[in-house]
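Undergrad: Can you read through this structure? Questions will come right after.
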Amino acid sequence: MKQIAQNYKTGELTLVDAPVPACRPGGVLVRTEYSLISSGTELMKVGEAKLSLLGKVRARPDQVRSVLDTLAQQGPEATFKKVMNRLDAYTPLGYSLCGTVIEVGAGVTGLTVGQRVACAGNQYALHAEINWVPANLCVAVPDEVDPRHAAFTTVGAIAMQGLRQADMALGEVACVIGLGLIGQLLVQLLRANGVRVVGIDISPERCALAEEQGAMCAAGPEGADLERVEAALAELTGGFGADAIFLSAGGDTNTPVELAARLARDRGRVVDIGKCSLDLPWNAYYEKELDVRFSRSYGPGRYDPIYEEQGVDYPVGYVRWTEGRNLACFVDLLAQGQIELDRLISAVTPFDTAAQTYEQLDKGELRGIGFLFEYPADVALTRTVVRPRPAPAETAGRSTSSALATKPVRIGFIGAGNYASTMLLPHLKDREGVDLAHVATASSLSCMTAQRRFGFETAGTDYRALLADESIDAVVIATRHQSHAPMACEALRAGKAVFVEKPLAITQEQLEAVMATVAETDNGRLQVGFNRRFSPLLTTLKERFGATSGPGLARYLVNAGTVDPSSWYADASAEGTRFCGEGGHFIDTLAWWFDALPVSVHATSCGGVDDLQITISFDNGSVGTVSYVTTANKRFPKETVDLLGGGKAARLDNFRSASLWAGRRKRRWRAGLSVDKGQKAELEAFVQAVRTGGPMPIPLESLFAVTDATLAVSESVTRGDTLKLGSRLS
């Protein structure tokens, strides 16, 4: 299928051949008929991508703060890799479309194949021939509604949510500042609610269009034009001023905010819908005691993954107008003929000219309000894209030794998110003796980005096609946590060697399923991404520390930091707790250092469910504590480890430096600019084991025991006692 995408690093717009997205549970596959270009939001995004790196920094100061925090914790090399990975990727465009359901995912009710729907979401309702859209972001479109009009539904819901935030009443007067697409729809929605409207815009054409659609007066923001608007408001309100001002303009100017104070009545409402400067003139807003409100996108439910992705609706008795109900309400108004959109459609262009259309809009060669892409009726449902054969020059740097050239390890990746793209794949790209055979991701553009950057032979959205490929020797699983164990079981049954990112499992049942699969298939070719034990700095420290005559002690302090509540990582009910997600790293490091297995765990919660103090006992008498903290300063080092025993002491400081106290001497050495936590070495060990058929880098017994100990932490917190680990595994 075709999809328009932009490389945020270069600003280049491309119509790519992408695989059809997987039809995941909770949503539907939709073949697009028409999609709407948001000439405001999307062109701002297109323009931002064309800026220099310095220009991008100035445009996104919020991201700069995040980068500085990462720099303080992880060093310049890791930070640079993360930034470049986010920049050098295909990013989608679009968020409003109308199409036909072609496949229904598990758990979806109320939507059927062949049904026409309007869809929303800047991650879902994209400019692509086929999209996967969660059920709560789809609404049915009656036969009497023109599909071109239904493609406006998302933008209509944005305007509708702004209207609801203003609490308008019959007979009131509103002023809409900014008469672009959202402003024009606001004019119609306000009129449909019995509200009299005036408008302001710098474009005479848009002002004229607003008056055609029912505005009592619409004119420019200065001079005689503004006086005409003020006169109309005075006549409509008896000189009091507008009851509500809607800011639907964009740009850096503060004029809309200043005009709002001038035109609003005493204690009026100012509702921000667009993205303009909001430097509020304090005196003007104070003297009128203006009520400033914000309208967040399509309505309640927006940016809530439980609502949008998991399909959990808000009870109507508590939230009358969710984003889904706003979408449905706009479609109802279209069906009733209360919204007229033909005058807002400036052009309908074939989708195969999408890149040219954006360029024309960006250069101002196309003028108007609403622009639609029209899509072909027949689209091939291909879920795999084959990369063109590379020219000989592309492989010039690779080894030509007969042993490696004739028998490379062919690797398939399931998942290619930020971690896989920055910490795993760069170590395998162009590595001698390795062929990156196939990458599978749920997102069409994600797998295409991975194929372009790392040279996979094929890319697709069906991971089972990868498992069925007999030419693939090993599989790397780097997906969300809840899928690790089930996918690992499938890959083991397919006879593959498996590298699965931590955690191996998020429940005891998942861990036991993996152990049972290993026993049933006699396939123990399994490695978990416990990379710390492979860190060059840490392995050197252990060598120099040397053997001890008795058990040791260790103290591991982890400054884990906060996680955005909207991130999938924070969804403990679906993906496991935060400690479950990464705690295996720390327990495995201690098990490796002591050369022992954990046998008991005692954990307490300190001030919150994510802040933990954990004591782990090992089968050789050693004891380690892990302090897992999410509430400390972001720039404090993430990981500090103190290791003691046999009259010696050692410290690892965030993988940047190591110190050893032995006898009367203290030795210290640094890692340099890079922070190497062992990913390269762990992958080399995995590839070597697959190639030679030798033992896997970490014994299965240790993988299972460490995972069991990690899972035991939450249970220990809940029960408030020490858990013995051996009896937990059936």
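Chain labels follow the order of the structure tokens: the first chain is A, the next B, and so on; residue numbering restarts at 1 in every chain, and ligands are counted from 1 in their shown order.
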Excluding stretch 459-474 of chain A and residues on its chain fewer than 5 positions from it, collect all residues at most 8 Å away from it, counting only C-alpha atoms, and give them as a ChimeraX atom specification.
TA: /A:19-22,383-387,409-412,414,437-444,447-448,451,490-491,494,496-499,690
Undergrad: Could those residues be written to a file, using C-alpha atoms, as an mmCIF file, in the first residue's frame?
TA:
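To be explicit, this is the file written out as part-v4.cif:
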data_model
loop_
_atom_site.group_PDB
_atom_site.id
_atom_site.type_symbol
_atom_site.label_atom_id
_atom_site.label_comp_id
_atom_site.auth_asym_id
_atom_site.auth_seq_id
_atom_site.Cartn_x
_atom_site.Cartn_y
_atom_site.Cartn_z
ATOM 1 C CA PRO A 19 3.064 -3.124 4.278
ATOM 2 C CA VAL A 20 -0.554 -3.190 5.366
ATOM 3 C CA PRO A 21 -0.713 -2.761 9.168
ATOM 4 C CA ALA A 22 -1.598 -5.726 11.325
ATOM 5 C CA ARG A 383 2.024 -7.364 4.609
ATOM 6 C CA THR A 384 5.638 -7.794 3.461
ATOM 7 C CA VAL A 385 7.849 -5.413 1.482
ATOM 8 C CA VAL A 386 11.013 -6.712 -0.190
ATOM 9 C CA ARG A 387 14.062 -4.458 -0.237
ATOM 10 C CA VAL A 409 23.619 -15.998 10.909
ATOM 11 C CA ARG A 410 20.303 -14.800 9.541
ATOM 12 C CA ILE A 411 18.415 -12.734 12.121
ATOM 13 C CA GLY A 412 14.817 -11.549 12.221
ATOM 14 C CA ILE A 414 10.153 -8.475 15.987
ATOM 15 C CA ALA A 437 16.783 -10.900 7.129
ATOM 16 C CA HIS A 438 13.377 -9.584 8.203
ATOM 17 C CA VAL A 439 11.847 -6.988 10.524
ATOM 18 C CA ALA A 440 8.244 -7.144 11.693
ATOM 19 C CA THR A 441 6.426 -4.358 13.544
ATOM 20 C CA ALA A 442 2.768 -3.518 14.088
ATOM 21 C CA SER A 443 3.293 -0.083 12.512
ATOM 22 C CA SER A 444 3.820 0.120 8.755
ATOM 23 C CA CYS A 447 9.219 -1.399 9.866
ATOM 24 C CA MET A 448 9.933 0.707 6.758
ATOM 25 C CA GLN A 451 14.423 -1.500 6.705
ATOM 26 C CA GLU A 490 6.171 -19.282 19.465
ATOM 27 C CA ALA A 491 9.737 -18.665 18.304
ATOM 28 C CA ALA A 494 9.479 -22.672 15.431
ATOM 29 C CA LYS A 496 14.638 -20.561 16.370
ATOM 30 C CA ALA A 497 17.339 -19.345 18.670
ATOM 31 C CA VAL A 498 15.688 -16.534 20.634
ATOM 32 C CA PHE A 499 17.004 -13.282 22.061
ATOM 33 C CA VAL A 690 24.054 -19.360 17.343
#
Undergrad: Please produce, as a tab-separated table, a per-residue contact table for stretch 317-420 of chain A versus stretch 29-40 of chain A (criterion: any atom at most 10 Å away, only C-alpha atoms considered), showing the nearest atom pair and its distance in Å to one decimal, sorted by chain then residue number.
TA:
residue	atom	partner	partner_atom	distance
A:Ile345	CA	A:Leu36	CA	9.6
A:Val348	CA	A:Tyr34	CA	8.8
A:Thr349	CA	A:Tyr34	CA	9.7
A:Pro350	CA	A:Tyr34	CA	9.5
A:Phe351	CA	A:Tyr34	CA	8.9
A:Ala354	CA	A:Ile37	CA	10.0
A:Thr357	CA	A:Ile37	CA	9.8
A:Tyr358	CA	A:Ile37	CA	8.9
A:Leu361	CA	A:Ser39	CA	7.7
A:Asp362	CA	A:Ser39	CA	8.9
A:Arg367	CA	A:Ser39	CA	9.8
A:Gly368	CA	A:Ser39	CA	9.0
A:Ile369	CA	A:Ser39	CA	7.4
A:Gly370	CA	A:Ile37	CA	7.0
A:Phe371	CA	A:Ile37	CA	5.5
A:Leu372	CA	A:Leu36	CA	4.6
A:Phe373	CA	A:Ser35	CA	5.3
A:Glu374	CA	A:Tyr34	CA	4.8
A:Tyr375	CA	A:Glu33	CA	5.2
A:Pro376	CA	A:Glu33	CA	7.3
A:Ala377	CA	A:Glu33	CA	7.4
A:Asp378	CA	A:Arg31	CA	9.0
A:Val379	CA	A:Arg31	CA	8.1
Undergrad: Taking only C-alpha atoms into account, name the residue in A:Met168, A:Ala231, A:Phe456, A:Arg578 that is nearest to A:Val563.
TA: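 Closest residue, counting only C-alpha atoms: A:Arg578.
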Undergrad: Apply DSSP to the structure's backbone, then extract all residues of stretch 82-329 of chain A labelled alpha helix (DSSP H) and return them as a PyMOL selection string.
TA: chain A and resi 82-87+147-150+153-166+181-192+204-212+223-237+255-263+282-288+305-308+323-329
Undergrad: Give me the residues within 6 Å of stretch 669-679 of chain A as a PyMOL selection string, counting only C-alpha atoms and dropping any in the same chain fewer than 6 places off.
TA: chain A and resi 77+531-532+534-535+655-658
Undergrad: What does the file look like for those residues with C-alpha atoms, as a compact mmCIF listing (two decimals), in the first residue's frame?
TA:
# COMPACT_ATOMS: atom_id res chain seq x y z
CA GLU A 77 27.13 9.21 22.84
CA ASN A 531 23.22 -6.66 29.18
CA ARG A 532 24.85 -5.20 32.31
CA PHE A 534 28.52 -7.78 29.52
CA SER A 535 29.57 -4.17 30.17
CA PHE A 655 29.02 2.80 33.95
CA ARG A 656 31.25 5.86 33.60
CA SER A 657 33.89 5.01 36.18
CA ALA A 658 34.90 2.16 38.47
